[in-house]
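Engineer: Okay, so here is upload-v1.tsv, and as you'll see once you scroll down, it has TSV, C-alpha atoms and all ligand atoms.
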chain	number	residue	atom	x	y	z
A	8	MET	CA	62.17	-25.98	-9.88
A	9	PRO	CA	63.69	-23.19	-12.06
A	10	VAL	CA	67.38	-23.63	-12.87
A	11	GLN	CA	68.12	-20.30	-11.16
A	12	TYR	CA	66.96	-21.69	-7.82
A	13	LEU	CA	68.86	-24.92	-8.15
A	14	CYS	CA	72.03	-22.89	-8.68
A	15	ILE	CA	71.23	-20.66	-5.72
A	16	ILE	CA	70.60	-23.56	-3.38
A	17	VAL	CA	73.73	-25.41	-4.45
A	18	LEU	CA	75.67	-22.19	-3.96
A	19	LEU	CA	74.30	-21.57	-0.49
A	20	LEU	CA	74.88	-25.11	0.64
A	21	THR	CA	78.40	-25.42	-0.60
A	22	LEU	CA	79.91	-22.06	0.28
A	23	THR	CA	82.59	-22.16	2.91
A	24	GLY	CA	83.90	-19.45	5.15
A	25	CYS	CA	80.53	-17.77	5.30
A	26	SER	CA	80.48	-17.33	9.04
A	27	THR	CA	83.62	-15.19	9.05
A	28	PRO	CA	82.69	-11.85	10.63
A	29	VAL	CA	83.35	-8.71	8.60
A	30	THR	CA	86.66	-7.03	9.35
A	31	ASP	CA	85.19	-4.34	11.61
A	32	GLY	CA	83.55	-7.03	13.73
A	33	ARG	CA	80.00	-6.10	12.84
A	34	LEU	CA	77.51	-8.83	12.04
A	35	ARG	CA	76.22	-9.09	8.50
A	36	VAL	CA	72.46	-9.38	8.63
A	37	VAL	CA	69.99	-9.76	5.77
A	38	ALA	CA	66.30	-8.92	6.20
A	39	THR	CA	63.68	-9.42	3.50
A	40	THR	CA	60.93	-6.82	3.97
A	41	GLY	CA	60.97	-3.27	5.29
A	42	PRO	CA	59.07	-4.05	8.51
A	43	VAL	CA	61.49	-6.91	9.32
A	44	GLY	CA	64.52	-4.75	8.48
A	45	ASP	CA	63.15	-1.98	10.70
A	46	ILE	CA	63.21	-4.27	13.75
A	47	VAL	CA	66.85	-5.19	13.10
A	48	GLN	CA	67.82	-1.55	12.49
A	49	VAL	CA	66.21	-0.34	15.70
A	50	ILE	CA	67.43	-3.16	17.95
A	51	ALA	CA	70.89	-3.75	16.52
A	52	GLY	CA	71.76	-0.35	15.01
A	53	GLU	CA	75.48	0.06	14.39
A	54	ARG	CA	76.31	-3.43	15.71
A	55	VAL	CA	75.23	-4.90	12.36
A	56	VAL	CA	75.62	-4.26	8.66
A	57	LEU	CA	72.03	-4.65	7.48
A	58	ARG	CA	70.87	-5.34	3.96
A	59	THR	CA	67.08	-5.22	3.38
A	60	LEU	CA	66.28	-6.99	0.14
A	61	ILE	CA	62.72	-5.84	-0.68
A	62	GLY	CA	62.59	-2.05	-0.91
A	63	PRO	CA	59.81	0.57	-1.05
A	64	GLY	CA	57.03	-0.16	-3.53
A	65	ILE	CA	58.22	-3.72	-4.18
A	66	ASP	CA	55.80	-6.64	-3.85
A	67	PRO	CA	57.18	-9.43	-1.61
A	68	HIS	CA	54.69	-12.06	-2.85
A	69	THR	CA	56.20	-12.12	-6.32
A	70	TYR	CA	59.77	-11.08	-5.44
A	71	VAL	CA	62.65	-13.20	-6.72
A	72	ALA	CA	66.26	-12.81	-5.58
A	73	THR	CA	68.62	-10.71	-7.68
A	74	GLU	CA	72.27	-11.57	-8.15
A	75	SER	CA	73.35	-9.02	-5.55
A	76	ASP	CA	70.78	-10.44	-3.08
A	77	LEU	CA	72.42	-13.83	-3.51
A	78	PHE	CA	75.81	-12.41	-2.67
A	79	ALA	CA	74.36	-10.74	0.42
A	80	LEU	CA	72.76	-14.05	1.45
A	81	GLN	CA	76.03	-15.91	0.93
A	82	GLU	CA	77.88	-13.51	3.21
A	83	ALA	CA	75.16	-13.13	5.83
A	84	GLN	CA	75.57	-14.40	9.38
A	85	ILE	CA	71.85	-14.12	10.17
A	86	VAL	CA	68.85	-13.92	7.85
A	87	PHE	CA	65.49	-12.63	9.08
A	88	TYR	CA	62.40	-13.04	6.93
A	89	ASN	CA	58.67	-12.63	7.52
A	90	GLY	CA	57.65	-16.20	6.68
A	91	LEU	CA	54.11	-17.67	6.52
A	92	HIS	CA	54.82	-17.76	2.76
A	93	LEU	CA	54.85	-13.99	2.33
A	94	GLU	CA	58.10	-14.17	0.34
A	95	ALA	CA	56.87	-17.08	-1.76
A	96	GLY	CA	59.61	-16.68	-4.37
A	97	LEU	CA	62.34	-16.96	-1.72
A	98	ASP	CA	60.82	-19.82	0.30
A	99	ARG	CA	63.05	-22.47	-1.26
A	100	ILE	CA	66.22	-20.51	-0.49
A	101	PHE	CA	65.30	-20.20	3.18
A	102	LYS	CA	64.27	-23.82	3.40
A	103	ALA	CA	67.62	-24.85	1.97
A	104	MET	CA	69.45	-22.56	4.40
A	105	ASN	CA	67.58	-24.04	7.33
A	106	GLN	CA	68.30	-27.58	6.18
A	107	SER	CA	72.00	-26.81	5.81
A	108	GLY	CA	72.10	-25.36	9.35
A	109	ARG	CA	74.90	-23.03	8.21
A	110	ILE	CA	73.46	-19.86	9.69
A	111	PRO	CA	70.16	-19.01	11.37
A	112	ALA	CA	67.38	-18.12	8.92
A	113	ILE	CA	64.50	-16.97	11.10
A	114	ALA	CA	60.88	-16.53	10.01
A	115	VAL	CA	59.92	-13.83	12.52
A	116	ALA	CA	56.15	-13.95	11.90
A	117	GLU	CA	56.22	-17.65	12.73
A	118	ALA	CA	57.18	-16.71	16.31
A	119	ILE	CA	53.60	-15.52	16.79
A	120	PRO	CA	51.49	-18.15	18.61
A	121	PRO	CA	49.25	-19.96	16.09
A	122	HIS	CA	46.08	-19.06	18.00
A	123	LEU	CA	46.77	-15.40	17.18
A	124	LEU	CA	47.11	-16.05	13.45
A	125	LEU	CA	44.30	-15.72	10.92
A	126	TYR	CA	43.78	-18.20	8.13
A	127	ALA	CA	44.46	-17.14	4.56
A	128	ASP	CA	41.50	-19.02	3.13
A	129	GLU	CA	38.28	-20.71	4.13
A	130	GLY	CA	39.94	-24.10	3.65
A	131	ARG	CA	42.32	-23.20	6.51
A	132	ASN	CA	45.30	-24.43	4.51
A	133	ALA	CA	47.62	-21.52	5.25
A	134	TYR	CA	47.99	-18.51	7.53
A	135	ASP	CA	47.66	-14.89	6.45
A	136	PRO	CA	51.24	-13.52	6.52
A	137	HIS	CA	50.38	-9.77	6.92
A	138	VAL	CA	50.85	-9.84	10.71
A	139	TRP	CA	52.87	-6.62	10.99
A	140	HIS	CA	49.69	-4.57	10.49
A	141	ASP	CA	48.86	-5.29	14.14
A	142	PRO	CA	51.60	-3.92	16.44
A	143	GLN	CA	50.51	-6.25	19.27
A	144	ARG	CA	51.12	-9.36	17.19
A	145	TRP	CA	54.26	-7.84	15.69
A	146	SER	CA	55.77	-7.64	19.20
A	147	TYR	CA	56.39	-11.40	19.03
A	148	ALA	CA	58.47	-10.86	15.88
A	149	VAL	CA	60.48	-8.16	17.68
A	150	ARG	CA	61.30	-10.56	20.53
A	151	ALA	CA	62.30	-13.28	18.04
A	152	VAL	CA	64.80	-10.90	16.42
A	153	ARG	CA	66.19	-9.95	19.85
A	154	ASP	CA	66.66	-13.57	20.90
A	155	THR	CA	68.45	-14.52	17.68
A	156	LEU	CA	70.77	-11.51	17.86
A	157	ILE	CA	71.68	-12.41	21.44
A	158	ALA	CA	72.33	-16.06	20.51
A	159	VAL	CA	74.69	-15.09	17.68
A	160	ASP	CA	76.24	-12.02	19.36
A	161	PRO	CA	76.04	-12.52	23.15
A	162	GLY	CA	78.34	-9.53	23.72
A	163	GLY	CA	75.46	-7.27	22.67
A	164	ARG	CA	72.95	-8.78	25.10
A	165	ALA	CA	72.46	-5.70	27.28
A	166	ILE	CA	72.12	-3.39	24.27
A	167	TYR	CA	69.68	-5.72	22.50
A	168	HIS	CA	67.57	-6.04	25.65
A	169	ARG	CA	67.49	-2.30	26.29
A	170	ARG	CA	66.61	-1.34	22.71
A	171	THR	CA	63.99	-4.07	22.46
A	172	GLU	CA	62.24	-2.82	25.59
A	173	ARG	CA	62.19	0.70	24.13
A	174	TYR	CA	60.88	-0.56	20.76
A	175	LEU	CA	58.16	-2.63	22.42
A	176	ALA	CA	57.11	0.46	24.40
A	177	ASP	CA	56.98	2.41	21.13
A	178	LEU	CA	54.72	-0.27	19.64
A	179	GLN	CA	52.41	-0.01	22.65
A	180	SER	CA	52.14	3.79	22.22
A	181	LEU	CA	51.64	3.36	18.48
A	182	ASP	CA	48.81	0.91	19.10
A	183	ALA	CA	47.07	3.34	21.47
A	184	GLU	CA	47.56	6.21	19.01
A	185	LEU	CA	46.13	4.17	16.10
A	186	ARG	CA	43.16	3.11	18.22
A	187	ALA	CA	42.39	6.75	19.05
A	188	MET	CA	42.68	7.74	15.38
A	189	ALA	CA	40.38	4.92	14.23
A	190	ALA	CA	37.80	6.01	16.81
A	191	ARG	CA	37.26	9.19	14.77
A	192	ILE	CA	35.54	7.10	12.10
A	193	PRO	CA	31.98	6.07	13.04
A	194	PRO	CA	31.90	2.23	13.33
A	195	GLU	CA	29.44	1.84	10.43
A	196	ARG	CA	31.86	3.68	8.15
A	197	ARG	CA	34.83	1.50	9.03
A	198	ILE	CA	34.86	-0.50	5.81
A	199	LEU	CA	38.28	-0.72	4.19
A	200	VAL	CA	38.35	-1.70	0.51
A	201	THR	CA	41.83	-2.36	-0.91
A	202	ALA	CA	43.49	-4.05	-3.89
A	203	HIS	CA	44.78	-7.18	-2.16
A	204	ASP	CA	43.83	-8.75	1.14
A	205	ALA	CA	46.63	-7.42	3.38
A	206	PHE	CA	44.66	-5.72	6.15
A	207	GLN	CA	42.75	-8.45	8.02
A	208	TYR	CA	44.98	-8.18	11.12
A	209	PHE	CA	44.72	-4.39	10.94
A	210	GLY	CA	40.94	-4.69	10.64
A	211	GLN	CA	40.72	-6.98	13.63
A	212	ALA	CA	42.93	-4.69	15.72
A	213	TYR	CA	41.12	-1.44	14.89
A	214	GLY	CA	37.56	-2.50	14.16
A	215	PHE	CA	37.39	-2.38	10.36
A	216	ARG	CA	35.57	-4.69	8.01
A	217	VAL	CA	38.19	-5.39	5.31
A	218	GLU	CA	37.40	-6.38	1.72
A	219	ALA	CA	39.83	-6.74	-1.18
A	220	VAL	CA	39.69	-7.37	-4.91
A	221	GLN	CA	42.53	-9.91	-4.82
A	222	GLY	CA	43.27	-12.58	-2.25
A	223	ILE	CA	46.03	-12.75	0.37
A	224	SER	CA	48.70	-13.03	-2.32
A	225	THR	CA	49.02	-10.68	-5.28
A	226	ALA	CA	49.86	-13.77	-7.33
A	227	SER	CA	46.15	-14.68	-7.34
A	228	GLU	CA	43.91	-13.39	-10.13
A	229	ALA	CA	41.40	-10.61	-9.59
A	230	SER	CA	38.14	-12.07	-10.88
A	231	ALA	CA	35.32	-10.19	-12.56
A	232	THR	CA	33.06	-11.64	-9.86
A	233	ALA	CA	35.21	-10.05	-7.13
A	234	ILE	CA	35.08	-6.67	-8.86
A	235	ARG	CA	31.29	-6.96	-9.23
A	236	SER	CA	30.65	-7.91	-5.63
A	237	LEU	CA	32.98	-5.22	-4.26
A	238	THR	CA	31.29	-2.62	-6.43
A	239	GLU	CA	27.96	-3.69	-4.98
A	240	LEU	CA	29.37	-3.38	-1.46
A	241	VAL	CA	30.70	0.11	-2.19
A	242	VAL	CA	27.46	1.36	-3.77
A	243	THR	CA	25.11	-0.23	-1.20
A	244	ASN	CA	27.08	1.11	1.77
A	245	ARG	CA	27.84	4.44	0.06
A	246	ILE	CA	31.50	3.97	0.92
A	247	PRO	CA	33.21	7.33	0.29
A	248	ALA	CA	36.69	6.05	-0.61
A	249	ILE	CA	38.61	2.94	-1.63
A	250	PHE	CA	42.36	2.48	-1.55
A	251	VAL	CA	45.20	1.60	-3.90
A	252	GLU	CA	48.47	0.19	-2.55
A	253	THR	CA	52.06	1.30	-3.09
A	254	SER	CA	53.28	-2.18	-4.08
A	255	VAL	CA	50.28	-3.32	-6.14
A	256	SER	CA	48.92	-2.16	-9.52
A	257	PRO	CA	46.01	0.32	-9.11
A	258	ARG	CA	44.18	-1.36	-12.01
A	259	THR	CA	41.74	-3.48	-10.01
A	260	ILE	CA	40.72	-0.71	-7.61
A	261	GLU	CA	40.24	1.62	-10.57
A	262	ALA	CA	38.01	-1.06	-12.12
A	263	VAL	CA	35.80	-0.97	-8.99
A	264	GLN	CA	35.68	2.83	-9.19
A	265	SER	CA	34.66	2.69	-12.89
A	266	ALA	CA	32.03	0.02	-12.24
A	267	ALA	CA	30.52	2.14	-9.43
A	268	ARG	CA	30.52	5.19	-11.70
A	269	ALA	CA	28.69	3.16	-14.36
A	270	VAL	CA	25.77	2.73	-11.93
A	271	GLY	CA	25.84	6.39	-10.93
A	272	TYR	CA	27.89	6.27	-7.71
A	273	GLU	CA	31.10	8.26	-7.37
A	274	VAL	CA	33.66	6.65	-5.00
A	275	ARG	CA	37.00	8.42	-4.51
A	276	LEU	CA	40.43	6.86	-4.47
A	277	GLY	CA	41.39	7.54	-0.85
A	278	GLY	CA	45.15	7.37	-1.37
A	279	ALA	CA	47.87	4.74	-1.48
A	280	LEU	CA	48.33	2.44	1.51
A	281	PHE	CA	51.63	0.80	2.39
A	282	SER	CA	50.34	-2.76	2.36
A	283	ASP	CA	53.50	-4.83	1.96
A	284	SER	CA	56.45	-2.44	2.00
A	285	LEU	CA	57.60	0.69	3.79
A	286	GLY	CA	57.86	4.11	2.13
A	287	ASP	CA	60.93	5.98	0.96
A	288	PRO	CA	63.59	5.81	3.72
A	289	ASP	CA	63.72	9.62	4.06
A	290	GLY	CA	59.94	10.06	4.09
A	291	PRO	CA	57.40	9.80	6.94
A	292	ALA	CA	56.59	6.16	6.07
A	293	GLY	CA	60.26	5.12	5.95
A	294	THR	CA	60.04	3.41	9.35
A	295	TYR	CA	57.59	0.80	10.58
A	296	VAL	CA	56.01	3.18	13.11
A	297	GLY	CA	55.83	6.00	10.53
A	298	MET	CA	54.30	3.69	7.92
A	299	MET	CA	51.58	2.48	10.29
A	300	ARG	CA	50.75	6.05	11.32
A	301	GLN	CA	50.62	7.24	7.71
A	302	ASN	CA	48.31	4.38	6.69
A	303	MET	CA	45.87	5.23	9.48
A	304	GLN	CA	46.01	8.95	8.65
A	305	THR	CA	45.21	8.18	5.00
A	306	ILE	CA	42.30	5.92	5.99
A	307	VAL	CA	40.84	8.28	8.59
A	308	SER	CA	41.00	11.33	6.38
A	309	ALA	CA	39.42	9.51	3.39
A	310	LEU	CA	36.63	7.80	5.33
A	311	THR	CA	35.64	10.83	7.44
A	312	ASP	CA	35.59	13.25	4.49
A	313	MET	CA	32.02	12.96	3.21
A	401	ZN	ZN	50.49	-8.88	0.64
Please express what this file holds, its structure, as structure tokens.

Structural biologist:
Amino acid sequence: MPVQYLCIIVLLLTLTGCSTPVTDGRLRVVATTGPVGDIVQVIAGERVVLRTLIGPGIDPHTYVATESDLFALQEAQIVFYNGLHLEAGLDRIFKAMNQSGRIPAIAVAEAIPPHLLLYADEGRNAYDPHVWHDPQRWSYAVRAVRDTLIAVDPGGRAIYHRRTERYLADLQSLDAELRAMAARIPPERRILVTAHDAFQYFGQAYGFRVEAVQGISTASEASATAIRSLTELVVTNRIPAIFVETSVSPRTIEAVQSAARAVGYEVRLGGALFSDSLGDPDGPAGTYVGMMRQNMQTIVSALTDM
């Protein structure tokens, strides 16, 4: 274990006075990813002081805590993270927090019933953590956030319930909207090729075959074999566009494009998808709902433009 983590864990376990509320009475909440932070923001709003650790364009698979993250974690009264090993570099911190029992550290994706989860590999050793790409599954995460907020801050129960109901209704409308958008792409053209394997839940929800150069985690290597077989898929199916991601290097997808060009087939880069983070907070993909809509718009416009 790196020395940095040992220090962090010792720090988190030994700190005292951490559950003291901030002077204005608002709860201090830390979320890891943008989609998790969005749930807290929508449900809890001004009742909490929220710090989201992993910002736009940042890759959660390889993220390690900064010094200021550690301070935020020390002062937090609740920590929400995705879990299912998405934030692999932070796993030990959360495990230590849970063992200490000091404050709740909740893996929201792990509230989803196991029968709704997809495996990350053929060996069925781990689950795919990218559950937020299906709003139906993500609803379980929303309810887990609500229940934890109520347990820690029972005075906000009515507000948390009301805002959760509204958010869940928004997710239902979003799901219907995305379904209608996807329907504009003929089924045989619904093949989504991306840099890393983040869209299996999305594919299952909206009827896409999903193929990626890298595996579930960006920490895995992109092999020459993967690039070759994806190129073959693209050329054989005359796929019009493939996609880079905002939090992943475009290198591997560009390699597929070059390899296709070398055999005389021109495939476009269809745009950048928000695979593992939200967009700029002031932009259209700055919220979970906006990010999901923007991804589908990018996909539909690239795959219907022949
Ligand atoms: Zn990912």

Engineer: At a cut-off of 7 Å, using all atoms listed in the file, what residues contact stretch 278-285 of chain A? Leave out same-chain residues fewer than 6 positions from it and give the result as a list in words.

Structural biologist: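 Residues near the query, excluding close chain neighbours: Thr40, Gly41, Pro42, Gly62, Pro63, Gly64, Ile65, Asp66, Pro67, Ala205, Phe250, Val251, Glu252, Thr253, Ser254, Ala292, Gly293, Thr294, Tyr295, Met298, Asn302 and Thr305 of chain A.
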
Engineer: Give as a PyMOL selection string the residues surrounding ligand ZN 401 (chain A) up to a distance of 12 Å, considering all atoms listed in the file.

Structural biologist: chain A and resi 40+64-70+89-95+127+135-140+201-208+219+221-227+252-255+280-284

Engineer: Give the answer as one residue: which of A:Ile249, A:Ala51, A:Ala229, A:Leu185 has the shortest atom-to-atom distance to A:Arg170, using all atoms listed in the file?

Structural biologist: A:Ala51

Engineer: Find, counting only C-alpha atoms, the residue in A:Ala266, A:Tyr272, A:Arg150, A:Arg33 that gets nearest to A:Arg245.

Structural biologist: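 Smallest separation from A:Arg245 among the options: A:Tyr272.
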
Engineer: Edge lengths and centre, in Å to one decimal, as JSON: that's what I need for the box along x, y and z that holds all listed atoms of stretch 247-254 of chain A plus 6 Å on each side.

Structural biologist:
{"center_x": 43.2, "center_y": 2.6, "center_z": -1.9, "size_x": 32.1, "size_y": 21.5, "size_z": 16.4}

Engineer: What is the atom CA of A:Leu156 to atom CA of A:Ile85 distance in Å?

Structural biologist: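 If I compute the distance from atom CA of A:Leu156 to atom CA of A:Ile85, I get 8.2 Å.
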
Engineer: Could you state the separation of atom CA of A:Met104 and atom CA of A:Ile119 in Å, given to one decimal place?

Structural biologist: 21.3 Å

Engineer: State, in Å with one decimal place, the distance from atom CA of A:Tyr147 to atom CA of A:Pro194.

Structural biologist: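 Between atom CA of A:Tyr147 and atom CA of A:Pro194 the gap is 28.6 Å.
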
Engineer: Neighbouring residues of A:Tyr174 were defined as those with any atom within 12 Å, considering only C-alpha atoms; residues of the same chain fewer than 6 positions away were excluded. Please report them as a count of residues only.

Structural biologist: 23

Engineer: Which neighbours of A:Ala183 fall inside 12 Å, counting only C-alpha atoms, when residues of the same chain fewer than 4 positions from it are skipped, and could you give them as a ChimeraX atom specification?

Structural biologist: /A:141-143,176-179,187-190,212-213,300

Engineer: Of the residues A:Leu34, A:Ala114, A:Ala151, A:Asp128, which is the one nearest to A:Glu82, using only C-alpha atoms?

Structural biologist: A:Leu34

Engineer: Choose the residue, out of A:Ser230, A:Ser75, A:Gln84, A:Thr259, that has the smallest atom-to-atom separation from A:Leu60; count only C-alpha atoms.

Structural biologist: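 Ranking A:Ser230, A:Ser75, A:Gln84, A:Thr259 by distance to A:Leu60, first place goes to A:Ser75.
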
Engineer: Using all atoms listed in the file, find all polymer residues with an atom at most 8 Å away from the point (37.3, -6.4, -9.3); report them as a count of residues only.

Structural biologist: 16

Engineer: Could you pull stretch 66-76 of chain A out of the block above and give me all heavy atoms, as a PDB file, in the first residue's frame?

Structural biologist:
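Dumped everything to out07.pdb:
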ATOM      1  N   ASP A  66     -10.985  11.300 -15.003  1.00  0.00           N
ATOM      2  CA  ASP A  66     -11.251   9.865 -15.066  1.00  0.00           C
ATOM      3  C   ASP A  66     -11.321   9.265 -13.650  1.00  0.00           C
ATOM      4  O   ASP A  66     -10.317   9.267 -12.944  1.00  0.00           O
ATOM      5  CB  ASP A  66     -10.104   9.229 -15.875  1.00  0.00           C
ATOM      6  CG  ASP A  66     -10.233   7.717 -15.963  1.00  0.00           C
ATOM      7  OD1 ASP A  66     -11.161   7.149 -15.358  1.00  0.00           O
ATOM      8  OD2 ASP A  66      -9.381   7.112 -16.636  1.00  0.00           O
ATOM      9  N   PRO A  67     -12.481   8.765 -13.233  1.00  0.00           N
ATOM     10  CA  PRO A  67     -12.598   8.229 -11.868  1.00  0.00           C
ATOM     11  C   PRO A  67     -11.814   6.934 -11.627  1.00  0.00           C
ATOM     12  O   PRO A  67     -11.428   6.648 -10.496  1.00  0.00           O
ATOM     13  CB  PRO A  67     -14.097   7.971 -11.698  1.00  0.00           C
ATOM     14  CG  PRO A  67     -14.617   7.815 -13.087  1.00  0.00           C
ATOM     15  CD  PRO A  67     -13.757   8.677 -13.960  1.00  0.00           C
ATOM     16  N   HIS A  68     -11.586   6.151 -12.703  1.00  0.00           N
ATOM     17  CA  HIS A  68     -10.896   4.861 -12.520  1.00  0.00           C
ATOM     18  C   HIS A  68      -9.480   5.049 -11.975  1.00  0.00           C
ATOM     19  O   HIS A  68      -8.979   4.223 -11.233  1.00  0.00           O
ATOM     20  CB  HIS A  68     -10.799   4.104 -13.853  1.00  0.00           C
ATOM     21  CG  HIS A  68     -12.125   3.769 -14.458  1.00  0.00           C
ATOM     22  ND1 HIS A  68     -12.913   2.758 -13.995  1.00  0.00           N
ATOM     23  CD2 HIS A  68     -12.795   4.324 -15.499  1.00  0.00           C
ATOM     24  CE1 HIS A  68     -14.014   2.696 -14.737  1.00  0.00           C
ATOM     25  NE2 HIS A  68     -13.967   3.641 -15.644  1.00  0.00           N
ATOM     26  N   THR A  69      -8.833   6.116 -12.412  1.00  0.00           N
ATOM     27  CA  THR A  69      -7.427   6.312 -12.053  1.00  0.00           C
ATOM     28  C   THR A  69      -7.251   7.462 -11.061  1.00  0.00           C
ATOM     29  O   THR A  69      -6.130   7.842 -10.755  1.00  0.00           O
ATOM     30  CB  THR A  69      -6.602   6.621 -13.326  1.00  0.00           C
ATOM     31  OG1 THR A  69      -7.208   7.730 -13.989  1.00  0.00           O
ATOM     32  CG2 THR A  69      -6.575   5.434 -14.269  1.00  0.00           C
ATOM     33  N   TYR A  70      -8.364   8.008 -10.571  1.00  0.00           N
ATOM     34  CA  TYR A  70      -8.296   9.192  -9.695  1.00  0.00           C
ATOM     35  C   TYR A  70      -7.711   8.842  -8.325  1.00  0.00           C
ATOM     36  O   TYR A  70      -8.092   7.850  -7.714  1.00  0.00           O
ATOM     37  CB  TYR A  70      -9.712   9.759  -9.516  1.00  0.00           C
ATOM     38  CG  TYR A  70      -9.730  11.066  -8.766  1.00  0.00           C
ATOM     39  CD1 TYR A  70      -9.459  12.263  -9.427  1.00  0.00           C
ATOM     40  CD2 TYR A  70     -10.002  11.107  -7.396  1.00  0.00           C
ATOM     41  CE1 TYR A  70      -9.461  13.469  -8.740  1.00  0.00           C
ATOM     42  CE2 TYR A  70     -10.005  12.306  -6.715  1.00  0.00           C
ATOM     43  CZ  TYR A  70      -9.734  13.484  -7.387  1.00  0.00           C
ATOM     44  OH  TYR A  70      -9.726  14.673  -6.709  1.00  0.00           O
ATOM     45  N   VAL A  71      -6.793   9.691  -7.865  1.00  0.00           N
ATOM     46  CA  VAL A  71      -6.316   9.566  -6.476  1.00  0.00           C
ATOM     47  C   VAL A  71      -6.606  10.876  -5.747  1.00  0.00           C
ATOM     48  O   VAL A  71      -6.634  11.950  -6.357  1.00  0.00           O
ATOM     49  CB  VAL A  71      -4.804   9.232  -6.387  1.00  0.00           C
ATOM     50  CG1 VAL A  71      -4.521   7.809  -6.839  1.00  0.00           C
ATOM     51  CG2 VAL A  71      -3.977  10.212  -7.181  1.00  0.00           C
ATOM     52  N   ALA A  72      -6.836  10.766  -4.433  1.00  0.00           N
ATOM     53  CA  ALA A  72      -7.263  11.936  -3.656  1.00  0.00           C
ATOM     54  C   ALA A  72      -6.160  12.992  -3.571  1.00  0.00           C
ATOM     55  O   ALA A  72      -4.992  12.665  -3.393  1.00  0.00           O
ATOM     56  CB  ALA A  72      -7.655  11.481  -2.253  1.00  0.00           C
ATOM     57  N   THR A  73      -6.555  14.247  -3.698  1.00  0.00           N
ATOM     58  CA  THR A  73      -5.620  15.354  -3.502  1.00  0.00           C
ATOM     59  C   THR A  73      -5.643  15.730  -2.011  1.00  0.00           C
ATOM     60  O   THR A  73      -6.501  15.257  -1.258  1.00  0.00           O
ATOM     61  CB  THR A  73      -6.047  16.599  -4.301  1.00  0.00           C
ATOM     62  OG1 THR A  73      -7.300  17.056  -3.758  1.00  0.00           O
ATOM     63  CG2 THR A  73      -6.216  16.279  -5.774  1.00  0.00           C
ATOM     64  N   GLU A  74      -4.735  16.616  -1.660  1.00  0.00           N
ATOM     65  CA  GLU A  74      -4.695  17.038  -0.256  1.00  0.00           C
ATOM     66  C   GLU A  74      -6.008  17.716   0.156  1.00  0.00           C
ATOM     67  O   GLU A  74      -6.540  17.475   1.233  1.00  0.00           O
ATOM     68  CB  GLU A  74      -3.526  18.006  -0.079  1.00  0.00           C
ATOM     69  CG  GLU A  74      -2.952  17.985   1.325  1.00  0.00           C
ATOM     70  CD  GLU A  74      -1.636  18.741   1.371  1.00  0.00           C
ATOM     71  OE1 GLU A  74      -0.767  18.491   0.522  1.00  0.00           O
ATOM     72  OE2 GLU A  74      -1.525  19.603   2.249  1.00  0.00           O
ATOM     73  N   SER A  75      -6.536  18.550  -0.727  1.00  0.00           N
ATOM     74  CA  SER A  75      -7.783  19.246  -0.358  1.00  0.00           C
ATOM     75  C   SER A  75      -8.963  18.271  -0.305  1.00  0.00           C
ATOM     76  O   SER A  75      -9.896  18.467   0.482  1.00  0.00           O
ATOM     77  CB  SER A  75      -8.049  20.431  -1.289  1.00  0.00           C
ATOM     78  OG  SER A  75      -8.659  20.019  -2.471  1.00  0.00           O
ATOM     79  N   ASP A  76      -8.928  17.210  -1.102  1.00  0.00           N
ATOM     80  CA  ASP A  76      -9.970  16.161  -0.992  1.00  0.00           C
ATOM     81  C   ASP A  76      -9.927  15.544   0.403  1.00  0.00           C
ATOM     82  O   ASP A  76     -10.968  15.259   1.014  1.00  0.00           O
ATOM     83  CB  ASP A  76      -9.723  15.020  -1.990  1.00  0.00           C
ATOM     84  CG  ASP A  76      -9.912  15.456  -3.426  1.00  0.00           C
ATOM     85  OD1 ASP A  76     -10.454  16.534  -3.652  1.00  0.00           O
ATOM     86  OD2 ASP A  76      -9.509  14.682  -4.325  1.00  0.00           O
TER      87      ASP A  76
END
